[in-house]
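Next comes protein.cif, a file with mmCIF, C-alpha atoms.
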```
data_input
loop_
_atom_site.label_atom_id
_atom_site.label_comp_id
_atom_site.auth_asym_id
_atom_site.auth_seq_id
_atom_site.Cartn_x
_atom_site.Cartn_y
_atom_site.Cartn_z
CA MET A 17 -22.55 -36.61 -94.02
CA PHE A 18 -21.24 -39.18 -91.64
CA GLU A 19 -19.98 -41.39 -94.45
CA PHE A 20 -18.52 -38.33 -96.13
CA ILE A 21 -16.30 -37.60 -93.17
CA GLN A 22 -15.48 -41.27 -92.82
CA ARG A 23 -14.38 -41.46 -96.44
CA PHE A 24 -12.23 -38.36 -96.45
CA PHE A 25 -10.48 -38.69 -93.16
CA GLY A 26 -10.21 -42.41 -92.96
CA LYS A 27 -11.36 -42.41 -89.39
CA PRO A 28 -14.40 -40.48 -88.20
CA ALA A 29 -14.08 -37.97 -85.40
CA SER A 30 -15.59 -39.74 -82.42
CA SER A 31 -17.87 -36.78 -81.77
CA GLU A 32 -19.44 -37.47 -85.18
CA THR A 33 -19.96 -41.07 -84.13
CA ALA A 34 -21.53 -39.80 -80.91
CA LYS A 35 -23.85 -37.48 -82.82
CA GLU A 36 -24.95 -40.22 -85.18
CA ARG A 37 -25.55 -42.67 -82.33
CA LEU A 38 -27.53 -40.04 -80.48
CA ARG A 39 -29.63 -39.32 -83.55
CA LEU A 40 -30.54 -42.99 -83.91
CA VAL A 41 -31.14 -43.71 -80.26
CA LEU A 42 -33.34 -40.66 -79.80
CA LEU A 43 -35.32 -41.48 -82.91
CA SER A 44 -35.88 -44.92 -81.50
CA ASP A 45 -36.75 -43.53 -78.05
CA HIS A 46 -39.22 -41.04 -79.44
CA LEU A 47 -40.93 -43.71 -81.52
CA SER A 48 -41.25 -46.03 -78.55
CA LEU A 49 -42.60 -43.17 -76.44
CA ALA A 50 -45.33 -42.40 -78.98
CA PRO A 51 -47.36 -45.61 -79.24
CA ASP A 52 -50.37 -43.65 -80.50
CA VAL A 53 -48.36 -42.43 -83.48
CA VAL A 54 -47.16 -45.93 -84.25
CA GLU A 55 -50.70 -47.26 -83.94
CA SER A 56 -52.01 -44.64 -86.31
CA LEU A 57 -49.21 -45.35 -88.77
CA LYS A 58 -49.99 -49.05 -88.61
CA HIS A 59 -53.65 -48.36 -89.30
CA ASP A 60 -52.90 -46.19 -92.32
CA LEU A 61 -50.33 -48.63 -93.63
CA ILE A 62 -52.79 -51.52 -93.53
CA GLU A 63 -55.42 -49.37 -95.14
CA VAL A 64 -53.14 -48.55 -98.08
CA ILE A 65 -51.97 -52.12 -98.57
CA SER A 66 -55.55 -53.37 -98.38
CA ARG A 67 -56.29 -51.46 -101.57
CA TYR A 68 -54.12 -53.90 -103.45
CA VAL A 69 -54.29 -57.17 -101.54
CA ASP A 70 -56.41 -58.75 -98.89
CA VAL A 71 -54.52 -58.63 -95.64
CA ASP A 72 -55.09 -60.31 -92.32
CA ALA A 73 -55.62 -57.09 -90.41
CA ALA A 74 -55.92 -58.85 -87.06
CA ASN A 75 -52.42 -60.29 -87.31
CA CYS A 76 -50.48 -57.32 -88.58
CA ASP A 77 -47.46 -56.14 -86.69
CA VAL A 78 -45.54 -52.91 -87.18
CA SER A 79 -42.45 -52.24 -85.13
CA PHE A 80 -39.31 -50.20 -85.16
CA GLU A 81 -35.91 -51.62 -84.71
CA GLN A 82 -32.65 -49.85 -84.12
CA GLN A 83 -29.91 -51.23 -86.27
CA GLU A 84 -26.27 -50.36 -86.73
CA ALA A 85 -26.72 -47.43 -89.06
CA ALA A 86 -30.43 -46.80 -89.18
CA VAL A 87 -33.75 -47.12 -87.48
CA ALA A 88 -35.88 -49.43 -89.57
CA MET A 89 -39.60 -49.92 -89.63
CA LEU A 90 -40.53 -53.58 -89.78
CA ALA A 91 -44.01 -54.39 -90.93
CA ASN A 92 -45.25 -57.96 -90.85
CA ILE A 93 -48.48 -58.03 -92.79
CA PRO A 94 -49.94 -61.43 -93.64
CA ILE A 95 -51.48 -61.37 -97.10
CA LEU A 96 -54.50 -63.56 -97.65
CA GLY A 97 -54.88 -63.10 -101.36
CA MET A 98 -54.87 -60.75 -104.29
CA ARG A 99 -57.72 -58.39 -104.85
CA THR A 100 -59.34 -59.02 -108.19
CA ARG A 101 -58.11 -55.75 -109.61
CA PRO A 102 -55.88 -53.15 -108.07
CA THR A 103 -57.76 -49.91 -107.78
CA PRO A 104 -55.26 -47.28 -106.64
CA PRO A 105 -57.45 -44.18 -106.75
CA ALA A 106 -60.40 -45.94 -105.19
CA PRO A 107 -62.05 -44.40 -102.14
CA PRO A 108 -61.23 -45.88 -98.72
CA PRO A 109 -61.64 -49.62 -99.03
CA ASP A 110 -64.23 -51.79 -97.52
CA PRO A 111 -63.03 -53.71 -94.51
CA PRO A 112 -60.80 -56.64 -95.34
CA THR A 113 -62.72 -59.73 -96.22
CA PRO A 114 -62.90 -62.34 -93.50
CA PRO A 115 -60.01 -64.74 -93.70
CA THR A 116 -60.71 -67.72 -95.87
CA ALA A 117 -57.68 -69.55 -94.58
CA PRO A 118 -56.46 -69.67 -90.98
CA PRO A 119 -53.84 -67.04 -90.30
CA ASN A 120 -50.23 -68.08 -90.58
CA SER A 121 -51.08 -70.88 -92.92
CA GLY A 122 -48.31 -70.96 -95.44
CA ARG A 123 -45.18 -69.02 -94.72
CA GLY A 124 -45.03 -67.81 -98.28
CA LYS A 125 -47.96 -65.56 -97.67
CA ARG A 126 -46.11 -63.52 -95.09
CA ARG A 127 -44.29 -60.68 -96.58
CA ARG A 128 -41.79 -58.69 -94.65
CA ARG A 129 -41.47 -55.10 -95.66
CA ARG A 130 -38.79 -52.77 -94.58
CA ALA A 131 -38.80 -49.04 -94.79
CA SER A 132 -35.74 -47.09 -95.74
CA PRO A 133 -33.81 -45.59 -92.81
CA ALA A 134 -35.95 -43.03 -91.14
CA GLY A 135 -34.28 -39.72 -91.68
CA ALA A 136 -36.44 -37.59 -89.46
CA ASN A 137 -34.86 -34.78 -87.54
CA ILE A 138 -34.23 -36.13 -84.08
CA ALA A 139 -34.47 -32.74 -82.48
CA ALA A 140 -38.06 -32.53 -83.59
CA PRO A 141 -39.61 -35.81 -82.57
CA ALA A 142 -42.39 -35.27 -85.02
CA PRO A 143 -44.33 -38.38 -85.87
CA PRO A 144 -43.46 -39.78 -89.23
CA PRO A 145 -46.20 -38.89 -91.68
CA ALA A 146 -48.46 -41.70 -92.73
CA PRO A 147 -47.09 -43.15 -95.92
CA ALA A 148 -48.89 -41.96 -99.00
CA PRO A 149 -49.98 -44.58 -101.49
CA GLY A 150 -47.07 -45.56 -103.62
CA ALA A 151 -44.65 -43.53 -101.56
CA PRO A 152 -41.04 -44.27 -102.38
CA GLY A 153 -38.94 -45.92 -99.79
CA PHE A 154 -40.89 -49.11 -99.39
CA SER A 155 -39.11 -51.98 -100.96
CA PRO A 156 -39.46 -55.63 -100.14
CA VAL A 157 -36.41 -57.04 -98.48
CA MET B 5 -45.63 -30.58 -39.48
CA ILE B 6 -45.60 -27.42 -41.49
CA GLU B 7 -48.16 -25.94 -39.15
CA GLN B 8 -45.40 -25.81 -36.56
CA GLU B 9 -43.87 -23.13 -38.71
CA ALA B 10 -46.97 -21.00 -38.72
CA PRO B 11 -45.98 -18.50 -35.99
CA ALA B 12 -42.65 -17.73 -37.61
CA ALA B 13 -44.10 -17.66 -41.08
CA SER B 14 -46.88 -15.28 -40.15
CA ALA B 15 -44.52 -12.97 -38.22
CA VAL B 16 -42.37 -12.31 -41.28
CA PRO B 17 -43.91 -11.05 -44.49
CA ARG B 18 -44.27 -13.93 -46.88
CA LYS B 19 -41.94 -14.13 -49.82
CA ARG B 20 -42.87 -15.69 -53.08
CA GLY B 21 -39.65 -17.50 -53.74
CA ARG B 22 -38.74 -19.48 -56.82
CA ALA B 23 -38.59 -23.25 -56.59
CA ILE B 24 -36.06 -24.65 -59.06
CA VAL B 25 -35.30 -28.34 -59.40
CA VAL B 26 -31.84 -29.35 -60.62
CA THR B 27 -32.20 -32.57 -62.55
CA SER B 28 -30.57 -34.69 -65.27
CA GLY B 29 -31.94 -38.21 -65.45
CA LYS B 30 -28.49 -39.73 -65.58
CA GLY B 31 -26.46 -39.95 -62.42
CA GLY B 32 -23.00 -38.54 -61.96
CA VAL B 33 -23.30 -35.58 -64.31
CA GLY B 34 -22.97 -33.00 -61.54
CA LYS B 35 -26.45 -32.21 -60.23
CA THR B 36 -25.35 -31.95 -56.62
CA THR B 37 -22.26 -29.89 -57.44
CA THR B 38 -24.38 -27.60 -59.59
CA THR B 39 -27.01 -27.21 -56.86
CA ALA B 40 -24.39 -26.42 -54.23
CA ASN B 41 -22.53 -23.90 -56.37
CA LEU B 42 -25.59 -22.19 -57.75
CA GLY B 43 -26.97 -21.91 -54.22
CA ALA B 44 -23.68 -20.57 -52.88
CA ALA B 45 -23.42 -18.01 -55.68
CA LEU B 46 -27.03 -16.86 -55.27
CA GLY B 47 -26.61 -16.70 -51.49
CA ALA B 48 -23.35 -14.78 -51.78
CA SER B 49 -25.13 -12.21 -53.93
CA GLY B 50 -27.46 -11.52 -50.99
CA ALA B 51 -30.51 -13.63 -51.83
CA SER B 52 -31.92 -16.00 -49.23
CA VAL B 53 -31.53 -19.54 -50.49
CA VAL B 54 -32.48 -22.98 -49.22
CA LEU B 55 -31.03 -26.09 -50.79
CA VAL B 56 -33.19 -29.19 -50.47
CA ASP B 57 -31.53 -32.55 -50.95
CA ALA B 58 -34.25 -34.72 -52.48
CA ASP B 59 -31.89 -37.65 -52.96
CA VAL B 60 -33.27 -39.58 -50.00
CA GLY B 61 -31.10 -42.59 -49.22
CA LEU B 62 -28.02 -41.18 -50.95
CA ARG B 63 -27.47 -37.87 -49.26
CA ASN B 64 -24.55 -35.90 -50.64
CA LEU B 65 -25.38 -32.23 -50.82
CA ASP B 66 -24.20 -31.76 -47.22
CA ILE B 67 -20.83 -33.24 -48.15
CA VAL B 68 -20.34 -31.01 -51.16
CA LEU B 69 -21.16 -27.97 -49.01
CA GLY B 70 -18.95 -29.16 -46.16
CA LEU B 71 -21.91 -29.17 -43.77
CA GLU B 72 -22.11 -32.90 -43.04
CA ALA B 73 -21.07 -32.47 -39.40
CA ARG B 74 -23.86 -29.99 -38.71
CA VAL B 75 -26.80 -31.99 -39.99
CA ARG B 76 -29.00 -33.04 -37.07
CA HIS B 77 -32.33 -33.61 -38.77
CA HIS B 78 -33.38 -34.34 -42.29
CA VAL B 79 -36.25 -33.80 -44.64
CA LEU B 80 -38.18 -36.89 -43.53
CA ASP B 81 -37.96 -35.77 -39.88
CA VAL B 82 -39.66 -32.58 -40.96
CA LEU B 83 -42.26 -34.33 -43.09
CA GLU B 84 -43.05 -36.76 -40.30
CA GLY B 85 -43.16 -34.06 -37.65
CA SER B 86 -40.28 -35.33 -35.48
CA ALA B 87 -38.36 -32.10 -36.11
CA THR B 88 -39.40 -28.57 -37.01
CA LEU B 89 -38.19 -26.96 -40.18
CA ASP B 90 -36.05 -24.56 -38.15
CA ASP B 91 -34.41 -27.48 -36.34
CA ALA B 92 -33.59 -29.15 -39.61
CA LEU B 93 -32.28 -26.17 -41.59
CA VAL B 94 -28.50 -25.93 -41.43
CA THR B 95 -26.94 -22.52 -41.98
CA ASP B 96 -23.90 -22.44 -44.23
CA LYS B 97 -20.53 -21.68 -42.65
CA ARG B 98 -19.54 -19.03 -45.17
CA VAL B 99 -22.79 -17.70 -46.60
CA PRO B 100 -25.22 -16.71 -43.83
CA THR B 101 -28.20 -16.46 -46.22
CA LEU B 102 -27.71 -20.05 -47.42
CA ARG B 103 -29.51 -22.94 -45.70
CA LEU B 104 -29.50 -26.66 -46.28
CA LEU B 105 -32.27 -29.16 -45.71
CA ALA B 106 -30.50 -32.51 -45.84
CA ALA B 107 -31.88 -35.78 -47.13
CA ALA B 108 -32.23 -38.86 -44.96
CA GLN B 109 -29.37 -41.23 -45.56
CA THR B 110 -30.91 -44.34 -44.04
CA ARG B 111 -34.34 -44.10 -45.58
CA GLU B 112 -35.80 -44.77 -48.99
CA LYS B 113 -37.23 -42.52 -51.64
CA ASP B 114 -40.53 -44.38 -51.62
CA GLU B 115 -41.07 -43.29 -48.02
CA VAL B 116 -41.46 -39.68 -49.07
CA ASP B 117 -45.05 -38.65 -49.62
CA THR B 118 -45.32 -36.64 -52.82
CA ALA B 119 -48.09 -34.32 -51.63
CA ALA B 120 -46.30 -33.64 -48.34
CA PHE B 121 -43.11 -32.84 -50.21
CA ARG B 122 -44.98 -30.41 -52.44
CA ASP B 123 -46.38 -28.68 -49.35
CA LEU B 124 -42.93 -28.51 -47.82
CA ILE B 125 -41.53 -26.79 -50.92
CA ALA B 126 -44.47 -24.39 -50.89
CA SER B 127 -43.80 -23.45 -47.28
CA LEU B 128 -40.10 -22.94 -48.06
CA ARG B 129 -41.04 -20.62 -50.89
CA ASP B 130 -42.80 -18.43 -48.34
CA ARG B 131 -39.53 -17.98 -46.48
CA PHE B 132 -36.77 -17.93 -49.10
CA ASP B 133 -36.05 -16.17 -52.38
CA TYR B 134 -34.80 -19.41 -53.91
CA VAL B 135 -35.61 -23.03 -53.15
CA LEU B 136 -33.15 -25.21 -55.07
CA ILE B 137 -34.02 -28.88 -55.13
CA ASP B 138 -31.28 -31.42 -55.80
CA CYS B 139 -33.06 -34.18 -57.70
CA PRO B 140 -31.94 -37.81 -57.48
CA ALA B 141 -30.87 -39.65 -60.62
CA GLY B 142 -33.52 -41.72 -62.31
CA ILE B 143 -37.12 -41.03 -63.23
CA GLU B 144 -38.89 -42.93 -60.48
CA LYS B 145 -40.61 -41.71 -57.35
CA GLY B 146 -37.62 -39.70 -56.14
CA PHE B 147 -37.74 -37.74 -59.38
CA ALA B 148 -41.51 -37.25 -59.12
CA ASN B 149 -41.13 -35.93 -55.57
CA ALA B 150 -38.27 -33.62 -56.47
CA ILE B 151 -40.11 -31.94 -59.33
CA VAL B 152 -43.59 -31.75 -57.84
CA GLY B 153 -43.15 -28.45 -56.04
CA ALA B 154 -40.90 -26.79 -58.62
CA ASP B 155 -42.18 -24.61 -61.40
CA GLU B 156 -38.72 -24.20 -62.88
CA ALA B 157 -36.10 -26.77 -63.76
CA ILE B 158 -32.44 -26.73 -64.61
CA VAL B 159 -31.27 -29.72 -66.60
CA VAL B 160 -27.60 -30.57 -66.12
CA CYS B 161 -26.08 -32.47 -69.02
CA THR B 162 -22.56 -33.53 -69.86
CA PRO B 163 -21.44 -33.81 -73.50
CA GLU B 164 -21.98 -37.57 -73.64
CA VAL B 165 -24.44 -39.67 -75.61
CA SER B 166 -25.91 -41.27 -72.49
CA ALA B 167 -26.34 -37.98 -70.63
CA VAL B 168 -28.00 -36.28 -73.60
CA ARG B 169 -30.35 -39.20 -74.11
CA ASP B 170 -31.39 -39.15 -70.46
CA ALA B 171 -31.71 -35.37 -70.45
CA ASP B 172 -33.99 -35.62 -73.49
CA ARG B 173 -36.19 -38.07 -71.60
CA VAL B 174 -36.27 -35.89 -68.50
CA VAL B 175 -37.22 -32.80 -70.50
CA GLY B 176 -40.19 -34.76 -71.81
CA LEU B 177 -41.17 -35.79 -68.29
CA LEU B 178 -40.87 -32.27 -66.90
CA GLY B 179 -43.77 -31.31 -69.14
CA ASP B 180 -44.75 -28.05 -70.75
CA GLY B 181 -45.84 -26.35 -67.54
CA ARG B 182 -42.32 -25.61 -66.32
CA SER B 183 -39.59 -23.29 -67.43
CA VAL B 184 -36.68 -25.61 -68.28
CA LYS B 185 -33.13 -24.38 -68.82
CA LEU B 186 -29.82 -26.07 -69.51
CA ILE B 187 -26.37 -26.18 -67.96
CA VAL B 188 -23.75 -28.11 -69.92
CA ASN B 189 -21.29 -29.52 -67.43
CA ARG B 190 -17.77 -30.93 -67.74
CA LEU B 191 -16.99 -29.57 -71.16
CA ARG B 192 -13.43 -30.11 -72.36
CA PRO B 193 -12.78 -27.46 -75.00
CA ALA B 194 -9.60 -29.12 -76.28
CA LEU B 195 -11.45 -32.36 -76.95
CA VAL B 196 -14.26 -30.50 -78.69
CA ARG B 197 -11.73 -28.81 -80.97
CA LYS B 198 -10.23 -32.19 -81.85
CA GLY B 199 -13.65 -33.62 -82.61
CA LYS B 200 -13.47 -35.99 -79.67
CA MET B 201 -16.31 -34.55 -77.65
CA LEU B 202 -19.81 -33.31 -78.43
CA SER B 203 -19.91 -29.52 -78.49
CA VAL B 204 -22.41 -27.38 -76.61
CA ASP B 205 -24.18 -26.78 -79.94
CA ASP B 206 -24.33 -30.53 -80.60
CA VAL B 207 -25.94 -31.08 -77.22
CA ASN B 208 -28.38 -28.25 -77.55
CA ALA B 209 -29.29 -29.09 -81.14
CA ILE B 210 -31.05 -32.01 -79.48
CA LEU B 211 -32.27 -30.58 -76.21
CA ARG B 212 -33.14 -27.10 -77.54
CA LEU B 213 -33.24 -25.41 -74.17
CA PRO B 214 -32.28 -21.89 -73.14
CA LEU B 215 -28.64 -22.15 -72.08
CA LEU B 216 -27.78 -20.84 -68.62
CA GLY B 217 -24.11 -21.58 -68.89
CA VAL B 218 -21.32 -24.02 -69.55
CA ILE B 219 -18.97 -25.41 -66.91
CA ALA B 220 -15.56 -26.65 -67.96
CA ASP B 221 -14.20 -29.92 -66.67
CA ALA B 222 -11.66 -28.44 -64.28
CA PRO B 223 -9.60 -29.68 -61.34
CA ASP B 224 -10.94 -26.76 -59.25
CA VAL B 225 -14.28 -28.51 -58.97
CA ILE B 226 -12.75 -31.75 -57.70
CA VAL B 227 -10.53 -29.89 -55.24
CA SER B 228 -13.45 -27.85 -53.92
CA THR B 229 -15.54 -30.98 -53.46
CA ASN B 230 -12.66 -32.60 -51.58
CA LYS B 231 -12.61 -29.66 -49.21
CA GLY B 232 -16.36 -29.12 -49.00
CA GLU B 233 -16.01 -25.54 -50.18
CA PRO B 234 -18.15 -24.60 -53.18
CA VAL B 235 -15.91 -23.41 -56.01
CA ALA B 236 -18.43 -20.63 -56.68
CA LEU B 237 -17.07 -18.89 -53.58
CA ASP B 238 -13.50 -19.01 -54.92
CA ALA B 239 -13.01 -15.56 -56.45
CA ALA B 240 -9.91 -16.68 -58.36
CA SER B 241 -11.40 -19.75 -60.01
CA PRO B 242 -12.62 -19.49 -63.63
CA VAL B 243 -15.11 -22.27 -62.94
CA GLY B 244 -16.27 -20.40 -59.85
CA GLU B 245 -16.79 -17.37 -62.07
CA ALA B 246 -18.81 -19.50 -64.50
CA TYR B 247 -21.09 -20.53 -61.63
CA ARG B 248 -21.45 -16.93 -60.52
CA LEU B 249 -22.47 -15.93 -64.04
CA ILE B 250 -25.01 -18.75 -64.10
CA ALA B 251 -26.41 -17.43 -60.82
CA GLN B 252 -26.76 -13.99 -62.39
CA ARG B 253 -28.60 -15.51 -65.34
CA VAL B 254 -30.92 -17.36 -62.99
CA ALA B 255 -31.53 -14.13 -61.08
CA GLY B 256 -32.15 -12.32 -64.35
CA THR B 257 -29.43 -9.72 -63.81
CA LEU B 258 -27.39 -11.02 -66.76
CA THR B 259 -28.66 -11.59 -70.26
CA GLY B 260 -27.13 -12.46 -73.61
CA GLU B 261 -25.50 -15.64 -74.81
CA PRO B 262 -23.42 -17.48 -72.20
CA GLU B 263 -19.73 -17.79 -72.80
CA ILE B 264 -18.38 -21.18 -73.85
CA PRO B 265 -15.22 -22.14 -71.94
CA ARG B 266 -12.15 -21.91 -74.13
CA GLU B 267 -8.89 -23.78 -73.95
CA ARG B 268 -6.34 -22.40 -71.58
CA THR B 269 -3.17 -21.10 -73.12
CA TYR B 270 0.18 -22.58 -72.15
CA PHE B 271 0.84 -19.51 -70.05
CA GLU B 272 -2.45 -19.93 -68.21
CA LYS B 273 -1.78 -23.61 -67.64
CA LEU B 274 1.59 -22.78 -66.14
CA PHE B 275 0.10 -19.98 -64.09
CA GLY B 276 -2.80 -22.17 -63.03
CA SER B 277 -0.50 -24.95 -61.82
CA LEU B 278 1.33 -22.48 -59.57
CA ARG B 279 -1.84 -21.47 -57.78
#
```
Encoded form using structure tokens:
Amino acid sequence: MFEFIQRFFGKPASSETAKERLRLVLLSDHLSLAPDVVESLKHDLIEVISRYVDVDAANCDVSFEQQEAAVAMLANIPILGMRTRPTPPAPPPDPPTPPTAPPNSGRGKRRRRRASPAGANIAAPAPPPAPAPGAPGFSPV
Amino acid sequence: MIEQEAPAASAVPRKRGRAIVVTSGKGGVGKTTTTANLGAALGASGASVVLVDADVGLRNLDIVLGLEARVRHHVLDVLEGSATLDDALVTDKRVPTLRLLAAAQTREKDEVDTAAFRDLIASLRDRFDYVLIDCPAGIEKGFANAIVGADEAIVVCTPEVSAVRDADRVVGLLGDGRSVKLIVNRLRPALVRKGKMLSVDDVNAILRLPLLGVIADAPDVIVSTNKGEPVALDAASPVGEAYRLIAQRVAGTLTGEPEIPRERTYFEKLFGSLR
């Protein structure tokens, strides 16, 4: 919508800029004011990823960052190794296997994932739902 | 301290007044002006009103009301027992049912005991129909003190990103236990039409509060503050009328959607400049 106005009128009405900035800043505020939601999201996220790869659960970090045009979720999840066989429909996984290598060994094992811009309605600071397995919107940077 | 009031309080039948805090989070959006004008309008309609300046250290409500020369004691004197409530209450020059309890200018917000302040508001509610509390900017102890005795809140917000953000935060801090309503202040209808200012709907799409009214950004308000005469008492001022309508909404004598200020026509501008 914002880009639409920008494209057709050359210059956006500054009230539209204000609205968009408010939307982003409030989204960011509401996320930072709901650490329990973020913690629960982080837990679910790790659980889902653990179905496919062994992750270093103790060193995972999920944060939100306000950028120019979006609020992005940044997840830093160290991967220790592949699971022998991906089992998507498997029941909740067993706890991640103890690390065989010290964490942070090898930068290549760290994978940074970035969610698509959160498009939640700012007026309703509802927590973002925990991502379902294979949910769209997660693409490696 | 409050016990000193006991004889007077027991002589008159106790009221169960409403304690309303006027707050915003952000500074400079018009809390004090709103408190003064709402109080003046409610008082002028016959209700007994006390305005409490909770902005300890930065006292201004007395200035806006033009009562600065009459203040002898302040809220901390009362809380500490060095003055009685009756000594400290200043009666308005124009509205005999309107009283002011000034803040201390040379003290700090941290010096105010939250429980004592709550008791003070409770004792004022026994004596007045309305206790309006002018909240300081910020969300620290001054804010906590100002809201503690109030079961209703009015959030004042200007159509700016920073003010809306802070108002959103304050609404969260006020909690679910209070009735919270909104006044949008300093709206400039011409700018809204040109897409250069957030509209009332834009603001309230985020805050989602019952709207008490909208105050236009008008020279009347600045002039009245210069003089220390609340614009709500100016029968000819459109902004004064807007404050009077807000007072009626607060009192519950007026319902329905509040009017949004419109642009003045060229004729009105010409006429207005001749006033």
- Message: Can you work out which residues from chain A touch chain B at a cut-off of 6 Å (counting all atoms listed in the file) and hand them back as a ChimeraX atom specification?
- Response: /A:29-31,38,139
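Reported to one decimal place, the separation of atom CA of A:Asp52 from atom CA of A:Ser66 is 21.0 Å.
Compared by their closest atoms to B:Leu136, and using only C-alpha atoms, the residues B:Gly153, B:Gly244, B:Gly179, B:Pro223 rank with B:Gly153 nearest.
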- Evaluate the PyMOL selection byres ((chain B and resi 246-253) around 7) on the structure here and hand back the selected residues as number ranges by chain. B: 41-42, 45-46, 216-217, 219, 236, 242-245, 254-259
Write the residues of the selection above to a file with C-alpha atoms, as an mmCIF file, in the frame of the given file.
```
data_model
loop_
_atom_site.group_PDB
_atom_site.id
_atom_site.type_symbol
_atom_site.label_atom_id
_atom_site.label_comp_id
_atom_site.auth_asym_id
_atom_site.auth_seq_id
_atom_site.Cartn_x
_atom_site.Cartn_y
_atom_site.Cartn_z
ATOM 1 C CA ASN B 41 -22.530 -23.900 -56.370
ATOM 2 C CA LEU B 42 -25.590 -22.190 -57.750
ATOM 3 C CA ALA B 45 -23.420 -18.010 -55.680
ATOM 4 C CA LEU B 46 -27.030 -16.860 -55.270
ATOM 5 C CA LEU B 216 -27.780 -20.840 -68.620
ATOM 6 C CA GLY B 217 -24.110 -21.580 -68.890
ATOM 7 C CA ILE B 219 -18.970 -25.410 -66.910
ATOM 8 C CA ALA B 236 -18.430 -20.630 -56.680
ATOM 9 C CA PRO B 242 -12.620 -19.490 -63.630
ATOM 10 C CA VAL B 243 -15.110 -22.270 -62.940
ATOM 11 C CA GLY B 244 -16.270 -20.400 -59.850
ATOM 12 C CA GLU B 245 -16.790 -17.370 -62.070
ATOM 13 C CA VAL B 254 -30.920 -17.360 -62.990
ATOM 14 C CA ALA B 255 -31.530 -14.130 -61.080
ATOM 15 C CA GLY B 256 -32.150 -12.320 -64.350
ATOM 16 C CA THR B 257 -29.430 -9.720 -63.810
ATOM 17 C CA LEU B 258 -27.390 -11.020 -66.760
ATOM 18 C CA THR B 259 -28.660 -11.590 -70.260
#
```
- Item | Close residues, A:Leu47 itself excluded, 8 Å, only C-alpha atoms, min 4 positions apart in chain, as a PyMOL selection string | chain A and resi 43+51+53-54+80+143
- Query: Residues picked by the PyMOL selection byres ((chain A and resi 41) around 10) here, as a PyMOL selection string?
  - Reply: (chain A and resi 35-40+42-47+82-83+86-87+138) or (chain B and resi 165-166+169)
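Once the PyMOL selection byres ((chain B and resi 134) around 10) is applied to this file, the selection holds Lys19, Arg20, Gly21, Arg22, Ala23, Ile24, Gly43, Leu46, Gly47, Ala51, Ser52, Val53, Val54, Leu55, Leu102, Leu128, Arg129, Asp130, Arg131, Phe132, Asp133, Val135, Leu136, Ile137 and Ala255 of chain B.
Considering the residues A:Asn92, A:Ala34, A:Leu49, A:Ala85 and counting all atoms listed in the file, A:Ile65 has its shortest atom-to-atom contact with A:Asn92.
Among B:Thr36, B:Glu144, B:Leu89, B:Val94, the residue with the shortest atom-to-atom distance to B:Leu124, counting all atoms listed in the file, is B:Leu89.
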- Task: With a distance cut-off of 9 Å and all atoms listed in the file, select the neighbouring residues of B:Arg192, excluding the residue or stretch itself and same-chain residues fewer than 5 positions from it, and output the selection as a PyMOL selection string.
- Result: chain B and resi 163+197+201+203+220-222+265-267
